[in-house]
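Student: Structure provided below as structure tokens; questions to follow.
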Amino acid sequence: MNQQVQNKNEFIKLLQSTERDDVDYVIEDIERLGFFDAPASSRFHLNYDGGLCEHSLNVCKVALRLRDQMIDMKPELEALLPKDSVIVASLLHDVCKADIYKPTVKKVKNEFGVLVDQPGYDVDYKNFPLGHGEKSVIVILRCGFDLTDDEIMAIRWHMNAWDLPFQSPELKNCINTARDKCPLCGLIQAADTLAANLIERNDEKL
């Protein structure tokens with residue numbers, strides 16, 4: 001069994017562990033969108049087939065560890081960070097990317113400065129051009145999967161200041177309010193950042 005298949009099986013097992021209604025519907029729908037085969041990015045972290053599922057697993061594992069540590073330091077957070085919500089929000093935060101990457105061949109310079117063909121990805125938003133976090137929320141809800149208000153906020157605002165709407169004073173206020181109101185927002189933001197910048201760091205490119 002290759003790593004991509006193992007990651008897919010682990011993802012499904014984790015999501016099913018929440019015992020949420022209609023969990024199998026969301027799994028079927030995101031698989032049809034290409035979630036388990038998609039890269040996590042076009043040229044940054046985990047830009048290869050299956051990278052999106054791998055990234056989502058990394059975010060989930062980091063989020064669950066952070067949850068345990070935060071509860072150990074501040075026990076009252078346990079009620080505000082249900083384990084099933086952490087799993088749902090972290091595993092599904094980037095389903096918006098499932099259908100945007102298209103395989104292509106790019107020209108890149110090799111170690112001798114010569115342009116050579118290299119497989120890569122282009123980004124194509126035409127299927128459902130609705131942004132990032134908000135698209136993830138809508139795709140999940142369209143699957144018939146019920147999200148709590150906290151899960152919606154955590155998925156919608158997981159990009160934090162990297163989200164373009166952060167430039168809007170009104171939406172910046174929404175992001176800050178959501179983070180203050182919903183500890184799950186801060187947890188998913190932190191886990192996503194740590195996974196992408198530390199766990200998925202490619203030292204070979206440095």
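Chains: A, B, ... in order of the structure tokens. Residues: from 1 per chain. Ligands: from 1, in order shown.
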Would you pick out the contacts of A:Leu57 at 7 Å or less, using only C-alpha atoms, so that residues sharing its chain but fewer than 4 positions from it are not included, and give the list as a list in words?

Tutor: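 Near neighbours after the sequence-gap exclusion: Phe11, Cys53, Lys61 and Leu91 of chain A.
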
Student: Can I get the selection written as a tab-separated table (two decimals), in the first residue's frame, with N, CA and C atoms?

Tutor:
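Wrote selection_6.tsv, looks like this:
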```tsv
chain	number	residue	atom	x	y	z
A	11	PHE	N	-7.26	9.44	6.83
A	11	PHE	CA	-8.17	10.58	6.79
A	11	PHE	C	-9.61	10.11	7.02
A	53	CYS	N	-4.48	15.90	0.94
A	53	CYS	CA	-4.89	14.99	2.02
A	53	CYS	C	-3.81	14.91	3.09
A	61	LYS	N	-3.40	16.43	13.09
A	61	LYS	CA	-2.52	15.89	14.13
A	61	LYS	C	-1.95	17.01	15.00
A	91	LEU	N	-9.55	18.63	9.27
A	91	LEU	CA	-9.52	17.76	8.10
A	91	LEU	C	-10.20	18.38	6.89
```

Student: Write out as a ChimeraX atom specification the set of residues from stretch 85-165 of chain A that DSSP, computed on the backbone, places in strand (DSSP E or B).

Tutor: /A:101-109,115-123

Student: What would the file look like if the residues just selected were written as a PDB file, in the first residue's frame with N, CA and C atoms?

Tutor:
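Written out: selection03.pdb:
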```pdb
ATOM      1  N   TYR A 101      -6.509  22.597  -8.960  1.00  0.00           N
ATOM      2  CA  TYR A 101      -5.175  22.356  -9.513  1.00  0.00           C
ATOM      3  C   TYR A 101      -5.238  21.455 -10.739  1.00  0.00           C
ATOM      4  N   LYS A 102      -4.650  21.926 -11.823  1.00  0.00           N
ATOM      5  CA  LYS A 102      -4.639  21.174 -13.073  1.00  0.00           C
ATOM      6  C   LYS A 102      -3.195  20.836 -13.457  1.00  0.00           C
ATOM      7  N   PRO A 103      -2.906  19.561 -13.755  1.00  0.00           N
ATOM      8  CA  PRO A 103      -1.543  19.178 -14.145  1.00  0.00           C
ATOM      9  C   PRO A 103      -1.085  19.928 -15.395  1.00  0.00           C
ATOM     10  N   THR A 104       0.165  20.319 -15.397  1.00  0.00           N
ATOM     11  CA  THR A 104       0.736  21.010 -16.545  1.00  0.00           C
ATOM     12  C   THR A 104       2.231  20.726 -16.588  1.00  0.00           C
ATOM     13  N   VAL A 105       2.900  21.229 -17.591  1.00  0.00           N
ATOM     14  CA  VAL A 105       4.357  21.125 -17.689  1.00  0.00           C
ATOM     15  C   VAL A 105       4.916  22.546 -17.706  1.00  0.00           C
ATOM     16  N   LYS A 106       5.865  22.818 -16.825  1.00  0.00           N
ATOM     17  CA  LYS A 106       6.441  24.149 -16.704  1.00  0.00           C
ATOM     18  C   LYS A 106       7.917  24.128 -17.095  1.00  0.00           C
ATOM     19  N   LYS A 107       8.395  25.262 -17.548  1.00  0.00           N
ATOM     20  CA  LYS A 107       9.808  25.430 -17.847  1.00  0.00           C
ATOM     21  C   LYS A 107      10.527  25.944 -16.604  1.00  0.00           C
ATOM     22  N   VAL A 108      11.527  25.212 -16.147  1.00  0.00           N
ATOM     23  CA  VAL A 108      12.319  25.631 -14.984  1.00  0.00           C
ATOM     24  C   VAL A 108      13.799  25.465 -15.312  1.00  0.00           C
ATOM     25  N   LYS A 109      14.627  26.247 -14.637  1.00  0.00           N
ATOM     26  CA  LYS A 109      16.066  26.144 -14.853  1.00  0.00           C
ATOM     27  C   LYS A 109      16.648  25.034 -13.986  1.00  0.00           C
ATOM     28  N   LEU A 115      16.853  25.741 -19.261  1.00  0.00           N
ATOM     29  CA  LEU A 115      15.424  25.511 -19.108  1.00  0.00           C
ATOM     30  C   LEU A 115      15.057  24.084 -19.497  1.00  0.00           C
ATOM     31  N   VAL A 116      14.347  23.408 -18.601  1.00  0.00           N
ATOM     32  CA  VAL A 116      13.907  22.039 -18.864  1.00  0.00           C
ATOM     33  C   VAL A 116      12.428  21.920 -18.496  1.00  0.00           C
ATOM     34  N   ASP A 117      11.767  20.915 -19.065  1.00  0.00           N
ATOM     35  CA  ASP A 117      10.366  20.658 -18.742  1.00  0.00           C
ATOM     36  C   ASP A 117      10.260  19.985 -17.382  1.00  0.00           C
ATOM     37  N   GLN A 118       9.295  20.459 -16.583  1.00  0.00           N
ATOM     38  CA  GLN A 118       9.069  19.851 -15.273  1.00  0.00           C
ATOM     39  C   GLN A 118       7.569  19.808 -15.000  1.00  0.00           C
ATOM     40  N   PRO A 119       7.056  18.640 -14.605  1.00  0.00           N
ATOM     41  CA  PRO A 119       5.626  18.553 -14.282  1.00  0.00           C
ATOM     42  C   PRO A 119       5.281  19.503 -13.135  1.00  0.00           C
ATOM     43  N   GLY A 120       4.105  20.107 -13.222  1.00  0.00           N
ATOM     44  CA  GLY A 120       3.655  21.013 -12.175  1.00  0.00           C
ATOM     45  C   GLY A 120       2.149  21.190 -12.249  1.00  0.00           C
ATOM     46  N   TYR A 121       1.676  22.260 -11.650  1.00  0.00           N
ATOM     47  CA  TYR A 121       0.237  22.512 -11.614  1.00  0.00           C
ATOM     48  C   TYR A 121      -0.060  23.969 -11.939  1.00  0.00           C
ATOM     49  N   ASP A 122      -1.142  24.180 -12.672  1.00  0.00           N
ATOM     50  CA  ASP A 122      -1.733  25.494 -12.832  1.00  0.00           C
ATOM     51  C   ASP A 122      -2.940  25.577 -11.924  1.00  0.00           C
ATOM     52  N   VAL A 123      -3.338  26.794 -11.584  1.00  0.00           N
ATOM     53  CA  VAL A 123      -4.506  26.999 -10.731  1.00  0.00           C
ATOM     54  C   VAL A 123      -5.658  27.487 -11.597  1.00  0.00           C
TER      55      VAL A 123
END
```

Student: Got a sec: who's within 8 Å of A:Leu92, counting only C-alpha atoms, leaving out chain neighbours fewer than 3 positions off, as an NGL selection string?

Tutor: :A and (56 or 88-89 or 95 or 136 or 140 or 155)

Student: Per residue of stretch 39-138 of chain A within 9 Å of stretch 181-193 of chain A, note the shortest atom pair and the distance in Å to one decimal, counting only C-alpha atoms, and order the rows by chain and increasing residue number, as a Markdown table.

Tutor:
```
| residue | atom | partner | partner_atom | distance |
| --- | --- | --- | --- | --- |
| A:His55 | CA | A:Asp192 | CA | 8.5 |
| A:Ser56 | CA | A:Asp192 | CA | 8.4 |
| A:Asn58 | CA | A:Asp192 | CA | 8.2 |
| A:Val59 | CA | A:Asp192 | CA | 5.3 |
| A:Cys60 | CA | A:Ala191 | CA | 7.5 |
| A:Lys61 | CA | A:Ala191 | CA | 8.4 |
| A:Val62 | CA | A:Ala191 | CA | 5.4 |
| A:Ala63 | CA | A:Ala191 | CA | 5.1 |
| A:Leu64 | CA | A:Ala191 | CA | 8.8 |
| A:Leu66 | CA | A:Leu187 | CA | 7.3 |
| A:Arg67 | CA | A:Leu187 | CA | 7.4 |
| A:Leu77 | CA | A:Pro183 | CA | 8.1 |
| A:Leu80 | CA | A:Pro183 | CA | 6.7 |
| A:Leu81 | CA | A:Leu184 | CA | 6.1 |
| A:Pro82 | CA | A:Leu184 | CA | 8.8 |
| A:Ser85 | CA | A:Leu184 | CA | 8.0 |
| A:Val86 | CA | A:Leu184 | CA | 7.1 |
| A:Ala89 | CA | A:Ile188 | CA | 7.2 |
| A:Ser90 | CA | A:Ile188 | CA | 6.2 |
| A:His93 | CA | A:Ile188 | CA | 8.5 |
```

Student: Find the residues around stretch 28-36 of chain A up to 7 Å (only C-alpha atoms counted), leave out those fewer than 6 positions away in its own chain, and share them as JSON, numbers by chain.

Tutor: {"A": [8, 50, 52, 53, 95, 98, 99, 143]}

Student: Those residues you just picked out, can you put them in a file as a tab-separated table (two decimals), in the first residue's frame with N, CA and C atoms?

Tutor:
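Output file part34.tsv is given in full below:
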```
chain	number	residue	atom	x	y	z
A	8	LYS	N	-5.12	8.47	2.67
A	8	LYS	CA	-6.57	8.51	2.42
A	8	LYS	C	-7.31	7.68	3.45
A	50	GLY	N	-1.76	13.96	-3.97
A	50	GLY	CA	-2.05	13.49	-2.62
A	50	GLY	C	-1.60	14.45	-1.54
A	52	LEU	N	-2.72	17.38	-0.70
A	52	LEU	CA	-3.81	18.04	0.03
A	52	LEU	C	-4.31	17.19	1.19
A	53	CYS	N	-4.48	15.90	0.94
A	53	CYS	CA	-4.89	14.99	2.02
A	53	CYS	C	-3.81	14.91	3.09
A	95	VAL	N	-10.94	21.85	1.75
A	95	VAL	CA	-11.61	21.12	0.67
A	95	VAL	C	-11.85	22.04	-0.54
A	98	ALA	N	-9.82	21.17	-3.70
A	98	ALA	CA	-9.93	19.85	-4.32
A	98	ALA	C	-10.03	19.89	-5.85
A	99	ASP	N	-10.57	20.97	-6.39
A	99	ASP	CA	-10.82	20.99	-7.83
A	99	ASP	C	-10.13	22.14	-8.56
A	143	CYS	N	-22.67	19.04	0.82
A	143	CYS	CA	-22.57	17.58	0.90
A	143	CYS	C	-23.63	17.00	1.84
```

Student: Taking only chain A into account, list the residues labelled alpha helix (DSSP H) by DSSP (computed from the backbone), as a ChimeraX atom specification.

Tutor: /A:3-16,23-33,51-73,83-92,133-142,149-156,169-181,183-194

Student: Enter the distance from atom CA of A:Asn202 to atom CA of A:Met159, in Å, rounded to one decimal.

Tutor: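 Atom-to-atom, atom CA of A:Asn202 to atom CA of A:Met159, that is 20.7 Å.
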